[in-house]
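Since the structure comes first, as structure tokens, the remarks are kept for the end.
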2 protein chains.
Amino acid sequence: MKTLKGNAIVGQSGGPTAAINATLAGVIKGAQRSDNINKIYGMKNGIDGLLADTVICLDDYFTSDSAYEQLKRTPAAALGSCRRKLPVETDPKYDETFERIIEIFQKYDIRYFFYIGGNDSMDTVAKLSKYTKDHEYEVRVIGVPKTIDNDLLGTDHTPGFGSAAKYISVVMQEVLRDTAVYTVKAVTIVEIMGRDAGWLTASSALGRVCGLPAPDLVYLPERAFDMEEFFCDVSAALEKKPNIVVAVSEGLQFADGRFVGESTQGGAVDAFGHKYLAGTGKALELAVKDKLGTKVRSIELNLPQRCASHIASLRDIEESFAVGQAAVSAAEQGVSREMMVILRDNDERENYSSVYGHMDIDLIANRTKFVPKHYINERGNNVTDECLEYILPLIEGECYPEYKNGLPVFFEF
Amino acid sequence: MKTLKGNAIVGQSGGPTAAINATLAGVIKGAQRSDNINKIYGMKNGIDGLLADTVICLDDYFTSDSAYEQLKRTPAAALGSCRRKLPVETDPKYDETFERIIEIFQKYDIRYFFYIGGNDSMDTVAKLSKYTKDHEYEVRVIGVPKTIDNDLLGTDHTPGFGSAAKYISVVMQEVLRDTAVYTVKAVTIVEIMGRDAGWLTASSALGRVCGLPAPDLVYLPERAFDMEEFFCDVSAALEKKPNIVVAVSEGLQFADGRFVGESTQGGAVDAFGHKYLAGTGKALELAVKDKLGTKVRSIELNLPQRCASHIASLRDIEESFAVGQAAVSAAEQGVSREMMVILRDNDERENYSSVYGHMDIDLIANRTKFVPKHYINERGNNVTDECLEYILPLIEGECYPEYKNGLPVFFEF
């Protein structure tokens with residue numbers, strides 16, 4: 001292993017999560033402890049900020065442990081985010097863009113580049129690795145994953161998933177109590193994030209393996225949705241108890257590929273002539289009302305699923321921090337063009353433990369880890385205990401922000 | 001004051017809150033401490049359960065302090081709820097219904113009746129007081145208010161409001177961070193509960209008096225909504241910064257009385273021919289997209305506003321508990337046909353304190369406490385600091401449930 005000395009830079013990209021700042025804190029901590037890294041810089045709004053030279057020195061902000069702790073408990077992306085994809089070789093802006101990046105790298109003597117984000121961010125890592133290698137600029141480039149969707153290959157789970165699953169499963173416990181107070185027959189449909197994979201929707205059922213209430217029906221996008229079977233399921237559930245709760249993924253699709261949220265609305269338009277995309281929950285609410293005549297409502301859990309730092313998973317926050325630190329160690333040891341991964345060491349709920357590794361980005365990028373078949377029941381209207389036992393350790397422990405005047409105090413650059 | 005000895009019964013009615021079980025715990029604690037009350041019973045599903053004789057002895061469940069603490073931290077209505085209004089004198093079922101109630105009262109020797117609920121529950125208290133007095137059955141009947149809407153007269157604020165305001169203001173802090181990560185111009189509209197009164201929507205702006213971010217625009221139902229002024233406000237805000245957040249009450253109405261959520265949808269119908277009521281946030285989202293062409297989305301905070309026990313206001317939970325205990329003391333001292341109220345002792349944020357009183361129900365029932373004019377700015381697009389200083393002490397402190405396996409453990413009868 002060749003020792004590489006110089007400065008490091010870190011950026012955040014893609015949609016916010018409750019844990020992406022914990023990973024940022026981990027990278028900063030790792031860099032500050034390193035003998036090889038002198039200064040740690042941050043790019044504002046990801047690669048956009050690198051190109052615009054809106055670069056700040058992070059060492060100035062992190063002189064005490066309390067700063068790390070506050071950053072770990074802050075939602076969204078403290079450095080700001082972007083959605084830019086770097087150009088491909090055939091793009092006329094290719095040379096210009098990468099030359100600019102090298103210019104900035106030289107200006108700050110950047111030898112370590114850490115990028116925290118989802119699939120698009122891994123694309124940035126891959127392109128940057130290739131260009132710098134081809135042009136003999138020595139820099140180690142590492143991706144650190146984050147996504148609430150848990151749909152990346154190669155890693156047991158993704159940083160950010162545990163906190164989103166925690167919020168969803170906790171709120172589901174509350175919603176189940178709320179809907180149970182009346183004796184009138186009623187259906188409550190809860191729409192949960194997850195366009196392609198049903199991991200977050202599955203987590204709404206965690207109560208079941210803990211002797212707590214759980215939704216009566218759970219539909220994931222991995223199975224084609226059948227409206228007639230759905231009506232049968234709902235009717236059967238209503239025979240057993242007056243109040244039923246149904247969890248559905250936003251990404252539910254019929255066998256022919258149409259989205260449930262889209263198709264049921266048919267040609268509905270609003271006063272301005274907009275085609276009306278109501279969402280899966282709303283579409284199913286209207287369908288149940290029409291077919292069964294039951295009292296029914298739908299709830300979208302919405303943005304708090306990805307930014308509810310007020311009830312994050314302590315395990316997720318600690319792992320997200322640790323994987324940031326591990327990224328720095330890996331880079332120091334010569335790793336580059338890789339994405340950090342989390343590997344589960346022990347399957348048992350009580351003895352859960354994990355270790356951090358890294359993997360070739362090309363094996364991971366642009367693929368989706370779906371909920372496997374054996375995690376869904378035969379009827380396709382619920383998840384198996386095995387699925388829930390996989391998720392449960394990831395929501396362990398509660399991480400709360402500090403409060404002042406009754407409001408959370410978050411980190412600010 | 002005449003001493004009255006016998007048993008007590010308590011029930012819950014109307015929509016759930018995060019604090020209604022704290023009041024139940026207070027009534028039970030008060031009754032157990034009382035020298036005049038022998039046993040404390042609970043009616044399941046409010047007055048429905050009384051008529052059906054689904055009555056349980058609560059003393060059996062509360063033999064330790066930990067049971068109270070768990071009940072205080074449990075959302076929704078642990079005894080179940082109902083929406084039944086008792087019949088008026090001209091109703092053919094009048095005699096039958098009230099005779100049945102007296103029969104149950106006699107069966108359990110009920111001399112104290114506590115009813116925790118909203119306006120309809122106070123109606124039950126009034127009718128029951130009158131009937132028992134006219135028919136010389138000696139019982140003291142007390143209403144204890146609960147509503148997240150804070151729209152009852154006579155009380156400085158309502159039990160349950162502080163916790164709903166806490167959830168809304170905390171989530172707003174998170175949403176403000178989430179929306180700020182990108183540099184693209186975008187409008188986020190957050191729809192908040194409150195059909196008639198804007199107290200909850202106002203609470204979304206609490207960050208402003210704490211040196212924290214706050215929504216750029218806030219619209220309450222107390223002011224007629226003007227779409228053209230709204231477009232001007234949004235455009236002006238977008239001139240100053242790229243990401244703006246707008247908080248709106250679900251109950252916003254135009255000057256002619258039409259609801260914003262209803263009218264903007266015009267004649268839109270879905271595939272089944274249902275008239276489409278999208279809600280205020282969605283309607284304004286479509287309007288902004290159409291008029292300004294900006295990137296825009298809407299978020300409904302939904303059910304967690306009333307049941308998020310995972311981040312309740314400690315002050316609200318403690319006051320809700322104390323007002324339940326105070327109801328028992330008042331009844332012991334001869335009070336009947338009254339609703340408990342909370343009076344603020346000290347206006348200053350740091351020195352907030354409150355006392356408990358009671359008030360003639362007829363002065364309170366079927367009236368609404370609106371956000372007063374001087375709490376709304378001249379333009380009608382935000383609230384004043386005075387309004388926020390009134391709300392701020394009510395969200396003070398954090399009350400969390402206990403967790404096991406990563407999930408909250410709530411009280412169950």
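Chain labels run A, B, ... following the order of the structure tokens; each chain numbers its residues from 1, and ligands are numbered from 1 in the order shown.
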Check: When DSSP works through the backbone of this structure, what residues of range 144-339 of chain A end up as strand (DSSP E), shown as an MDAnalysis selection string?
Finding: chainID A and resid 144:145 186:192 217:219 243:249 295:300 312:313 338:339
Next item on the list: Enumerate as number ranges by chain all residues of range 177-368 of chain B assigned to helix (DSSP H, G or I) by DSSP on the backbone, naming them with the chain letters and numbers the document uses.
Entry: B: 177-179, 199-203, 206-210, 227-240, 260-263, 280-292, 304-307, 309-311, 314-332, 361-363
Note to self: Quick one: residues within 10 Å of Arg306 in chain B, only C-alpha atoms, excluding same-chain residues fewer than 2 positions away - as a PyMOL selection string?
What the structure shows: (chain A and resi 174-175+178) or (chain B and resi 15-19+75-76+147-149+160-161+163-165+167-168+193+301-304+308-309+312)
Check: What lies within 10 Å of Gly257 in chain B using only C-alpha atoms, ignoring chain neighbours under 4 positions off, as a list in words?
Finding: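 So the residues in contact are Ala224, Phe225, Leu252 and Gln253 of chain B.
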Restricting the output to N, CA and C atoms, write the selected residues as an mmCIF file, in the first residue's frame.
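Wrote out.cif, looks like this:
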data_model
loop_
_atom_site.group_PDB
_atom_site.id
_atom_site.type_symbol
_atom_site.label_atom_id
_atom_site.label_comp_id
_atom_site.auth_asym_id
_atom_site.auth_seq_id
_atom_site.Cartn_x
_atom_site.Cartn_y
_atom_site.Cartn_z
ATOM 1 N N ALA B 224 -60.300 35.535 4.719
ATOM 2 C CA ALA B 224 -60.742 35.087 3.388
ATOM 3 C C ALA B 224 -59.511 34.961 2.491
ATOM 4 N N PHE B 225 -59.457 33.880 1.729
ATOM 5 C CA PHE B 225 -58.288 33.606 0.885
ATOM 6 C C PHE B 225 -58.489 34.206 -0.495
ATOM 7 N N LEU B 252 -59.138 26.668 4.602
ATOM 8 C CA LEU B 252 -59.110 27.955 3.881
ATOM 9 C C LEU B 252 -60.346 28.129 2.995
ATOM 10 N N GLN B 253 -60.945 29.338 3.051
ATOM 11 C CA GLN B 253 -62.125 29.637 2.240
ATOM 12 C C GLN B 253 -61.933 30.954 1.496
#
At a cut-off of 12 Å, can you tabulate as CSV every residue of range 276-326 of chain B near range 97-121 of chain B together with its closest atom pair and the distance in Å to one decimal, using only C-alpha atoms and ordering rows by chain then number?
residue,atom,partner,partner_atom,distance
B:Ser320,CA,B:Ile116,CA,10.5
B:Phe321,CA,B:Ile116,CA,11.6
B:Val323,CA,B:Ile116,CA,10.5
B:Gly324,CA,B:Ile116,CA,8.7
B:Gln325,CA,B:Phe114,CA,10.8
B:Ala326,CA,B:Phe114,CA,11.3
Only C-alpha atoms, please: the residues just picked out, written as a tab-separated table (two decimals), in the first residue's frame.
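Wrote it out as out-v6.tsv, contents follow:
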chain	number	residue	atom	x	y	z
B	320	SER	CA	-53.74	17.10	30.57
B	321	PHE	CA	-53.01	14.74	33.46
B	323	VAL	CA	-56.69	18.77	34.63
B	324	GLY	CA	-58.06	15.23	35.00
B	325	GLN	CA	-57.07	15.18	38.65
B	326	ALA	CA	-58.47	18.69	39.10
Note to self: Please list as a count of residues only every residue within 7 Å of range 365-373 of chain A, counting only C-alpha atoms and excluding residues in the same chain fewer than 2 positions away.
What the structure shows: 15
Check: B:Pro221, B:Gly211, B:Ser336, B:Ile391: which is nearest Glu348 in chain B, counting only C-alpha atoms?
Finding: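 Of the candidates, the smallest distance to Glu348 in chain B is held by B:Ile391.
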Note to self: Quick check, in Å to one decimal: how far apart do CA of Gly380 in chain B and CA of Ile189 in chain B lie?
What the structure shows: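 So the two atoms, CA of Gly380 in chain B and CA of Ile189 in chain B, lie 16.5 Å apart.
Here the question is which of B:Val55, B:Cys387, B:Val144, B:Ile20 gets nearest to chain A using only C-alpha atoms, and that residue is B:Ile20.
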